[in-house]
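This report concerns only the one structure given below.
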Amino acid sequence: MRKTLLFGPVKSRRLRRSLGIEMVPRKVCTMDCIYCEVGKTILHTSERKDYYTWDLIEKSILEAKEKEEIFDVFTFTGSGEPTLNIHFEKAVELSKKIINKPIAVLTNSTLLYIESIRKALAKVDIVLPSLDAVKEGSFRKINRALPEFKPEEIVKNLKKLREEMQGEMWLEVLIVEGINDNKEDLEALKKAIEEINPHKVQLNTVVRPAAYSIAKPVSFKKLQEIAKFWGNKVEIIVNKERLDKIIAIKQTLEKEKLEEEVINYVKRRPATLEELSQAFVLDEKAFQMLLDELLSQGKIQTTIHENKVYYIAN
């Protein structure tokens with residue numbers, strides 16, 4: 001049995017030294033976001049209950065009170081959706097009462113339709129809700145929320161929370177390549193952001209190992225374009241050098257995988273440029289560059305048959 005629900009403090013670009021408290025076990029959530037760094041959702045649920053008992057939560061908050069000198073912000077976060085715990089509201093109330101540091105909550109925004117949760121969040125210093133898509137198709141692809149949750153309702157409840165808040169709302173939007181980075185999604189998100197009117201919009205992309213391999217980052221340049229389009233409340237919370245390095249590594253790995261697949265293909269049968277570009281659904285000019293590189297490395301060679309150039313494995 002766990003002795004404490006505390007973890008950290010961890011260094012956070014947004015919250016400096018953050019001491020976290022877990023409210024649900026890994027990974028209990030209303031969503032199964034493809035980019036989640038914690039991993040795939042184990043219990044996909046909207047049921048609120050005492051995933052951890054009040055006694056353990058209270059003990060952990062009292063322990064946090066004794067450690068105030070080592071952290072800057074006390075954060076409800078962790079390995080799932082914290083508001084699923086039926087004791088969440090009570091835990092926020094106790095934290096605000098005894099801890100002399102800012103209280104923050106990270107939430108995926110799905111349970112904001114519950115008035116008691118909104119009232120609790122309205123009292124904390126910083127709410128960091130997420131909103132990655134408002135178009136239905138993109139919302140399902142990126143967040144994989146339970147069917148009962150609709151993006152338009154989430155936007156409506158975020159707006160309600162913003163109107164009720166005493167503290168600040170820092171809305172996080174995470175952009176995934178090929179899913180919510182298109183013109184229609186970005187325009188819909190801009191409209192929703194204007195409606196919600198958060199204090200800040202924190203723009204992010206996939207920089208940590210994701211639950212699903214389909215989740216890929218967009219470039220820093222793309223994030224800059226989005227930030228400019230959405231207006232002066234937007235801040236990019238990704239380190240440019242780190243993002244550039246991650247994208248370069250991913251591109252290298254993808255290229256190596258493609259090279260391996262091409263070599264295996266021509267091991268089985270000789271093939272022309274036209275056949276290979278059709279088989280791998282790539283532009284002929286780009287594919288020719290790849291073949292030339294493989295030729296220079298001695299990994300493949302050419303042969304002529306009936307006046308056509310065929311590529312074969314060495």
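Ordered as shown in the structure tokens, chains take letters A, B, and onward, while each chain numbers its residues from 1 and ligands are numbered from 1 in the order shown.
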Find the residues of range 19-128 of chain A that sit at most 8 Å from range 149-161 of chain A; for each, write down the nearest two atoms and how far apart they are in Å, to one decimal. Count only C-alpha atoms. Sort by chain, then by number going up, and give it as a Markdown table.
| residue | atom | partner | partner_atom | distance |
| --- | --- | --- | --- | --- |
| A:Ser109 | CA | A:Ile154 | CA | 6.4 |
| A:Thr110 | CA | A:Ile154 | CA | 6.1 |
| A:Leu112 | CA | A:Asn157 | CA | 5.7 |
| A:Tyr113 | CA | A:Asn157 | CA | 5.8 |
| A:Arg118 | CA | A:Leu161 | CA | 5.9 |
| A:Leu121 | CA | A:Leu161 | CA | 7.7 |
| A:Ala122 | CA | A:Leu161 | CA | 6.6 |
Residues just named, written with C-alpha atoms as a short mmCIF file (atom, residue, chain, number, x, y, z; two decimals), in the first residue's frame:
data_model
loop_
_atom_site.label_atom_id
_atom_site.label_comp_id
_atom_site.auth_asym_id
_atom_site.auth_seq_id
_atom_site.Cartn_x
_atom_site.Cartn_y
_atom_site.Cartn_z
CA SER A 109 -11.15 19.49 -19.06
CA THR A 110 -13.68 16.65 -19.53
CA LEU A 112 -15.84 20.61 -15.96
CA TYR A 113 -19.57 20.13 -16.48
CA ARG A 118 -15.60 23.91 -11.39
CA LEU A 121 -10.95 24.82 -9.66
CA ALA A 122 -12.20 28.40 -9.44
#
Would you pick out the contacts of range 175-180 of chain A at 10 Å or less, using only C-alpha atoms, so that residues sharing its chain but fewer than 5 positions from it are not included, and give the list as a short mmCIF file (atom, residue, chain, number, x, y, z; two decimals) with N, CA and C atoms, in the first residue's frame?
data_model
loop_
_atom_site.label_atom_id
_atom_site.label_comp_id
_atom_site.auth_asym_id
_atom_site.auth_seq_id
_atom_site.Cartn_x
_atom_site.Cartn_y
_atom_site.Cartn_z
N ILE A 34 -3.23 10.21 -27.77
CA ILE A 34 -2.19 9.48 -28.50
C ILE A 34 -0.79 9.96 -28.13
N TYR A 35 -0.67 11.19 -27.62
CA TYR A 35 0.64 11.75 -27.30
C TYR A 35 1.05 11.57 -25.84
N ASP A 132 -7.04 20.29 -27.26
CA ASP A 132 -6.21 20.03 -28.43
C ASP A 132 -6.96 20.12 -29.74
N ALA A 133 -8.27 19.97 -29.69
CA ALA A 133 -9.06 20.02 -30.92
C ALA A 133 -10.52 20.31 -30.57
N VAL A 134 -11.18 21.05 -31.46
CA VAL A 134 -12.61 21.29 -31.27
C VAL A 134 -13.43 20.74 -32.45
N LYS A 135 -12.75 20.36 -33.50
CA LYS A 135 -13.44 19.66 -34.59
C LYS A 135 -13.58 18.19 -34.19
N GLY A 137 -13.81 15.20 -35.59
CA GLY A 137 -12.93 14.17 -36.12
C GLY A 137 -11.54 14.22 -35.52
N SER A 138 -10.98 15.41 -35.44
CA SER A 138 -9.64 15.59 -34.88
C SER A 138 -9.62 15.29 -33.39
N PHE A 139 -10.68 15.71 -32.70
CA PHE A 139 -10.81 15.44 -31.26
C PHE A 139 -10.77 13.94 -30.98
N LYS A 141 -9.47 11.60 -32.93
CA LYS A 141 -8.18 11.04 -33.33
C LYS A 141 -7.08 11.31 -32.30
N ILE A 142 -7.07 12.52 -31.77
CA ILE A 142 -5.96 12.91 -30.91
C ILE A 142 -6.20 12.57 -29.44
N ASP A 185 -8.59 23.14 -38.50
CA ASP A 185 -8.46 22.91 -37.06
C ASP A 185 -7.93 24.14 -36.34
N LEU A 186 -6.93 24.78 -36.92
CA LEU A 186 -6.32 25.94 -36.28
C LEU A 186 -7.28 27.12 -36.21
N ALA A 188 -10.59 26.77 -36.07
CA ALA A 188 -11.60 26.39 -35.08
C ALA A 188 -11.06 26.57 -33.66
N LEU A 189 -9.80 26.22 -33.45
CA LEU A 189 -9.18 26.40 -32.13
C LEU A 189 -9.05 27.88 -31.79
N LEU A 203 1.43 26.73 -26.03
CA LEU A 203 1.48 25.93 -27.25
C LEU A 203 2.57 24.87 -27.14
N ASN A 204 2.21 23.63 -27.41
CA ASN A 204 3.12 22.51 -27.20
C ASN A 204 3.04 21.56 -28.39
N THR A 205 3.99 20.63 -28.45
CA THR A 205 3.94 19.55 -29.43
C THR A 205 4.58 18.31 -28.80
N VAL A 206 4.70 17.25 -29.57
CA VAL A 206 5.14 15.95 -29.03
C VAL A 206 6.66 15.95 -28.86
N ILE A 214 1.80 7.06 -33.77
CA ILE A 214 1.21 7.99 -34.74
C ILE A 214 1.42 9.45 -34.32
N ALA A 215 1.67 9.68 -33.04
CA ALA A 215 1.84 11.04 -32.52
C ALA A 215 3.23 11.56 -32.87
N LYS A 216 3.27 12.55 -33.76
CA LYS A 216 4.55 13.10 -34.21
C LYS A 216 4.55 14.61 -34.02
N PRO A 217 5.72 15.19 -33.74
CA PRO A 217 5.79 16.63 -33.50
C PRO A 217 5.73 17.45 -34.78
N VAL A 218 5.31 18.69 -34.63
CA VAL A 218 5.45 19.66 -35.72
C VAL A 218 6.72 20.45 -35.46
N SER A 219 7.19 21.18 -36.45
CA SER A 219 8.43 21.94 -36.31
C SER A 219 8.22 23.19 -35.45
N LYS A 222 6.57 25.87 -37.39
CA LYS A 222 5.11 25.72 -37.45
C LYS A 222 4.47 26.28 -36.18
N LEU A 223 5.06 26.00 -35.03
CA LEU A 223 4.54 26.53 -33.77
C LEU A 223 4.57 28.06 -33.77
N ILE A 226 1.69 29.32 -35.82
CA ILE A 226 0.42 29.17 -35.09
C ILE A 226 0.30 30.25 -34.02
#
May I ask which of the residues A:Lys190, A:Val124, A:Lys97, A:Arg144 is the closest one to Glu164 in chain A, counting only C-alpha atoms? A:Val124
Fewer than 6 positions away in the same chain doesn't count, so skip those; otherwise give me all residues within 9 Å of Tyr311 in chain A, counting only C-alpha atoms, as a list in words.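 The neighbour list is Val266, Arg269, Pro270, Ala271, Thr272, Leu273, Leu291, Ile300, Gln301, Thr302, Thr303 and Ile304 of chain A.
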Residues from the last selection, N, CA and C atoms, saved as an mmCIF file, in the first residue's frame:
data_model
loop_
_atom_site.group_PDB
_atom_site.id
_atom_site.type_symbol
_atom_site.label_atom_id
_atom_site.label_comp_id
_atom_site.auth_asym_id
_atom_site.auth_seq_id
_atom_site.Cartn_x
_atom_site.Cartn_y
_atom_site.Cartn_z
ATOM 1 N N VAL A 266 14.155 -5.111 -52.911
ATOM 2 C CA VAL A 266 14.945 -5.487 -54.101
ATOM 3 C C VAL A 266 15.752 -6.765 -53.872
ATOM 4 N N ARG A 269 13.062 -9.126 -55.361
ATOM 5 C CA ARG A 269 12.893 -9.046 -56.815
ATOM 6 C C ARG A 269 13.494 -7.743 -57.317
ATOM 7 N N PRO A 270 14.177 -7.764 -58.480
ATOM 8 C CA PRO A 270 14.666 -6.521 -59.077
ATOM 9 C C PRO A 270 13.485 -5.601 -59.382
ATOM 10 N N ALA A 271 13.699 -4.293 -59.266
ATOM 11 C CA ALA A 271 12.603 -3.345 -59.481
ATOM 12 C C ALA A 271 13.111 -2.060 -60.103
ATOM 13 N N THR A 272 12.274 -1.435 -60.906
ATOM 14 C CA THR A 272 12.598 -0.148 -61.518
ATOM 15 C C THR A 272 12.256 0.988 -60.550
ATOM 16 N N LEU A 273 12.737 2.181 -60.875
ATOM 17 C CA LEU A 273 12.405 3.379 -60.086
ATOM 18 C C LEU A 273 10.893 3.580 -60.036
ATOM 19 N N LEU A 291 17.743 6.228 -53.721
ATOM 20 C CA LEU A 291 18.413 5.126 -54.432
ATOM 21 C C LEU A 291 19.860 5.471 -54.748
ATOM 22 N N ILE A 300 23.017 -1.355 -52.726
ATOM 23 C CA ILE A 300 22.282 -1.895 -53.868
ATOM 24 C C ILE A 300 23.116 -1.669 -55.124
ATOM 25 N N GLN A 301 22.712 -2.264 -56.213
ATOM 26 C CA GLN A 301 23.360 -2.022 -57.499
ATOM 27 C C GLN A 301 22.307 -2.056 -58.600
ATOM 28 N N THR A 302 22.723 -1.675 -59.816
ATOM 29 C CA THR A 302 21.785 -1.655 -60.944
ATOM 30 C C THR A 302 22.127 -2.740 -61.958
ATOM 31 N N THR A 303 21.125 -3.113 -62.716
ATOM 32 C CA THR A 303 21.310 -4.022 -63.837
ATOM 33 C C THR A 303 20.356 -3.592 -64.946
ATOM 34 N N ILE A 304 20.723 -3.841 -66.184
ATOM 35 C CA ILE A 304 19.896 -3.439 -67.325
ATOM 36 C C ILE A 304 19.186 -4.659 -67.901
#
Set the distance at 12 Å and use only C-alpha atoms: which residues neighbour Glu260 in chain A once local chain neighbours fewer than 4 positions away are removed? I'd like the list as a list in words.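 In the requested form, the answer reads Leu253, Glu254, Lys255, Glu256, Asn264, Tyr265, Val266, Lys267, Leu290, Leu291, Leu294, Lys299, Ile300 and Ala313 of chain A.
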For the residues in that selection, give me C-alpha atoms as a short mmCIF file (atom, residue, chain, number, x, y, z; two decimals), in the first residue's frame.
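And here's result-v4.cif as it stands now:
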data_model
loop_
_atom_site.label_atom_id
_atom_site.label_comp_id
_atom_site.auth_asym_id
_atom_site.auth_seq_id
_atom_site.Cartn_x
_atom_site.Cartn_y
_atom_site.Cartn_z
CA LEU A 253 15.09 6.70 -37.88
CA GLU A 254 12.33 6.93 -40.49
CA LYS A 255 14.91 7.20 -43.26
CA GLU A 256 16.83 4.19 -41.92
CA ASN A 264 14.50 -5.99 -48.52
CA TYR A 265 12.18 -5.28 -51.47
CA VAL A 266 14.94 -5.49 -54.10
CA LYS A 267 16.36 -8.56 -52.38
CA LEU A 290 17.39 7.75 -51.85
CA LEU A 291 18.41 5.13 -54.43
CA LEU A 294 22.09 3.50 -51.40
CA LYS A 299 24.00 -1.43 -50.49
CA ILE A 300 22.28 -1.90 -53.87
CA ALA A 313 20.50 -5.83 -53.63
#
Just the residues within 7 Å of Asp50 in chain A, please, counting only C-alpha atoms, with nothing from its chain fewer than 6 positions along; format it as a ChimeraX atom specification. /A:85-87
Using DSSP secondary structure from the backbone, list all strand (DSSP E or B) positions within range 57-285 of chain A, as an NGL selection string. :A and (73-77 or 85 or 103-107 or 126-130 or 168-175 or 200-205 or 234-236 or 271)
Tell me which protein, DNA and RNA residues are within 6 Å of range 40-48 of chain A, counting only C-alpha atoms, leaving out same-chain ones fewer than 2 positions away, and put them as a compact mmCIF listing (two decimals) with N, CA and C atoms, in the first residue's frame.
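And here is the file that came out, out01.txt:
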# COMPACT_ATOMS: atom_id res chain seq x y z
N LYS A 27 -3.07 4.06 -15.27
CA LYS A 27 -3.44 5.29 -15.91
C LYS A 27 -4.96 5.26 -16.05
N VAL A 28 -5.59 5.96 -15.08
CA VAL A 28 -7.05 6.04 -15.02
C VAL A 28 -7.44 7.38 -15.62
N CYS A 29 -8.21 7.36 -16.72
CA CYS A 29 -8.47 8.61 -17.42
C CYS A 29 -9.74 8.53 -18.26
N THR A 30 -10.30 9.70 -18.53
CA THR A 30 -11.47 9.81 -19.40
C THR A 30 -11.05 9.86 -20.87
N ASP A 32 -7.71 8.87 -23.87
CA ASP A 32 -6.57 8.00 -24.19
C ASP A 32 -5.74 8.73 -25.25
N LEU A 84 -11.13 12.82 -11.40
CA LEU A 84 -11.91 11.58 -11.28
C LEU A 84 -12.02 11.10 -9.83
N ASN A 85 -11.08 11.51 -8.99
CA ASN A 85 -11.16 11.12 -7.59
C ASN A 85 -12.30 11.88 -6.91
N ILE A 86 -13.16 11.16 -6.25
CA ILE A 86 -14.34 11.76 -5.64
C ILE A 86 -13.98 12.74 -4.51
N ALA A 211 2.33 7.64 -26.21
CA ALA A 211 1.61 6.38 -26.04
C ALA A 211 1.45 5.64 -27.37
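Considering only C-alpha atoms, the residue among A:Glu184, A:Arg140, A:Ile126, A:Val201 positioned nearest to Gln166 in chain A is A:Ile126.
Comparing the minimum interatomic distances between Asn182 in chain A and each of A:Glu225, A:Glu275, A:Ile117, A:Ile263, counting only C-alpha atoms, we find that A:Glu225 sits nearest.
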Enumerate, as a count of residues only, the complete set of residues in range 24-216 of chain A that a backbone-based DSSP assignment places in helix (DSSP H, G or I). 75
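Among A:Glu195, A:Glu81, A:Glu168, A:Glu58, the residue with the shortest atom-to-atom distance to Val38 in chain A, counting only C-alpha atoms, is A:Glu81.
Rounded to one decimal, CA of Pro9 in chain A and CA of Phe71 in chain A lie 6.1 Å from each other.
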Grab the CA of Gly298 in chain A to CA of Ile247 in chain A distance for me, in Å with one decimal place.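 Distance between the two atoms: 27.4 Å.
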Which residues come within 9 Å of Lys123 in chain A, counting only C-alpha atoms, excluding same-chain residues fewer than 6 positions away, as a list in words? Val92, Glu93, Lys96, Glu164, Met165, Gln166 and Gly167 of chain A
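One finds CA of Thr4 in chain A at 18.8 Å from CA of Ala104 in chain A.
Remark: for Tyr51 in chain A, the closest of the candidate residues A:Pro82, A:Ala64, A:Ala120, A:Gly39 is A:Pro82 (distances computed over only C-alpha atoms).
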Of the listed residues A:Gln224, A:Gln278, A:Asn100, A:Thr77, that which approaches Leu128 in chain A most closely, counting only C-alpha atoms: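 Among the listed residues, A:Thr77 lies closest to Leu128 in chain A.
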